[in-house]
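Structure record follows, encoded as structure tokens.
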Amino acid sequence: MNSLYPLLPVTALLMLPVTGADSQTSNERTTNMSNTEITAKTQADEAHSFAEYEAIATALLPYIDAAKTGDGELSRTAFYDHAHIVGSVGGEFSYPDADAFAENVSQIGASPDVKSRIAWIDISGPAAAAKVEFINWSGLRFTDFFVLYKTDGQWKISGKVYDSHSNN
């Protein structure tokens, strides 16, 4: 009996009746969903949201491509003039501006085997944040957090903070 005692509270919870939205039948959920009208405005908002997501992904491409090619000038095109980068490699803290970072990318050179993925993008009007993961950029793994802003119809990186994982 003592060995079952710790399971009694869990067993009691499992026997409680289910209430609320989770207790709806499949047919009730389908009926409620069919009563939700998708308006032209909703469709336009969704299309705009998707287009903004794609525009931000496109704005990050020069930076992502520069990791593979080692082209610092290409990476520089993704940043505003005021942008700064903050992070460390090998425990050495650095905070270069976008020009100095572009020079670093060129000095490191090409990493043809680098793999990357955009983990997420979060948008609020003309402001956005994005997380990009890299593995094997000059033999290292990086996680980059970007802050972006849209002006004159164009998204650019305003700042970047990064982690160099095991080499930090």
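Chain identifiers are assigned as A, B, and so on, following the order in which chains appear in the structure tokens; residues are numbered from 1 within each chain, and ligands are numbered from 1 in order of appearance.
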Non-local contacts of region 156-160 of chain A (6 Å; only C-alpha atoms; under 2 positions in same chain excluded) as a compact mmCIF listing (two decimals) with C-alpha atoms, in the first residue's frame:
# COMPACT_ATOMS: atom_id res chain seq x y z
CA ALA A 78 22.08 43.82 -44.23
CA PHE A 79 22.84 46.39 -41.48
CA TYR A 80 21.92 50.01 -40.82
CA ALA A 83 24.24 48.96 -36.10
CA HIS A 84 26.43 47.31 -33.49
CA ILE A 85 27.17 43.67 -32.79
CA PHE A 145 19.60 37.44 -32.18
CA PHE A 146 18.74 40.32 -34.49
CA VAL A 147 16.67 43.45 -34.01
CA LEU A 148 15.35 44.80 -37.29
CA TYR A 149 13.45 47.90 -38.32
I need the alpha helix (DSSP H) residues of region 11-163 of chain A per DSSP on the backbone, written as an MDAnalysis selection string.
chainID A and resid 11:14 26:34 40:69 72:76 98:108
Fewer than 3 positions away in the same chain doesn't count, so skip those; otherwise give me all residues within 12 Å of Val89 (chain A), counting only C-alpha atoms, as number ranges by chain.
A: 86, 92-95, 138-143, 162-168
Take the selection from the previous step and output its residues with C-alpha atoms, as a JSON list (two decimals), in the first residue's frame.
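The result, stored in out.json:
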[["chain", "number", "residue", "atom", "x", "y", "z"],
["A", 86, "VAL", "CA", 27.69, 42.35, -29.26],
["A", 92, "GLU", "CA", 36.77, 37.68, -25.58],
["A", 93, "PHE", "CA", 33.91, 40.22, -25.46],
["A", 94, "SER", "CA", 33.54, 42.39, -28.54],
["A", 95, "TYR", "CA", 31.15, 45.04, -29.76],
["A", 138, "SER", "CA", 34.49, 28.71, -39.35],
["A", 139, "GLY", "CA", 34.16, 25.54, -37.29],
["A", 140, "LEU", "CA", 31.93, 27.14, -34.64],
["A", 141, "ARG", "CA", 28.26, 27.13, -33.69],
["A", 142, "PHE", "CA", 26.56, 30.52, -33.30],
["A", 143, "THR", "CA", 23.14, 31.71, -32.24],
["A", 162, "TYR", "CA", 25.25, 36.49, -30.39],
["A", 163, "ASP", "CA", 26.46, 33.43, -28.53],
["A", 164, "SER", "CA", 29.39, 31.31, -29.75],
["A", 165, "HIS", "CA", 28.28, 28.34, -27.62],
["A", 166, "SER", "CA", 31.12, 26.03, -26.59],
["A", 167, "ASN", "CA", 33.75, 28.54, -27.70],
["A", 168, "ASN", "CA", 32.44, 31.24, -25.41]]
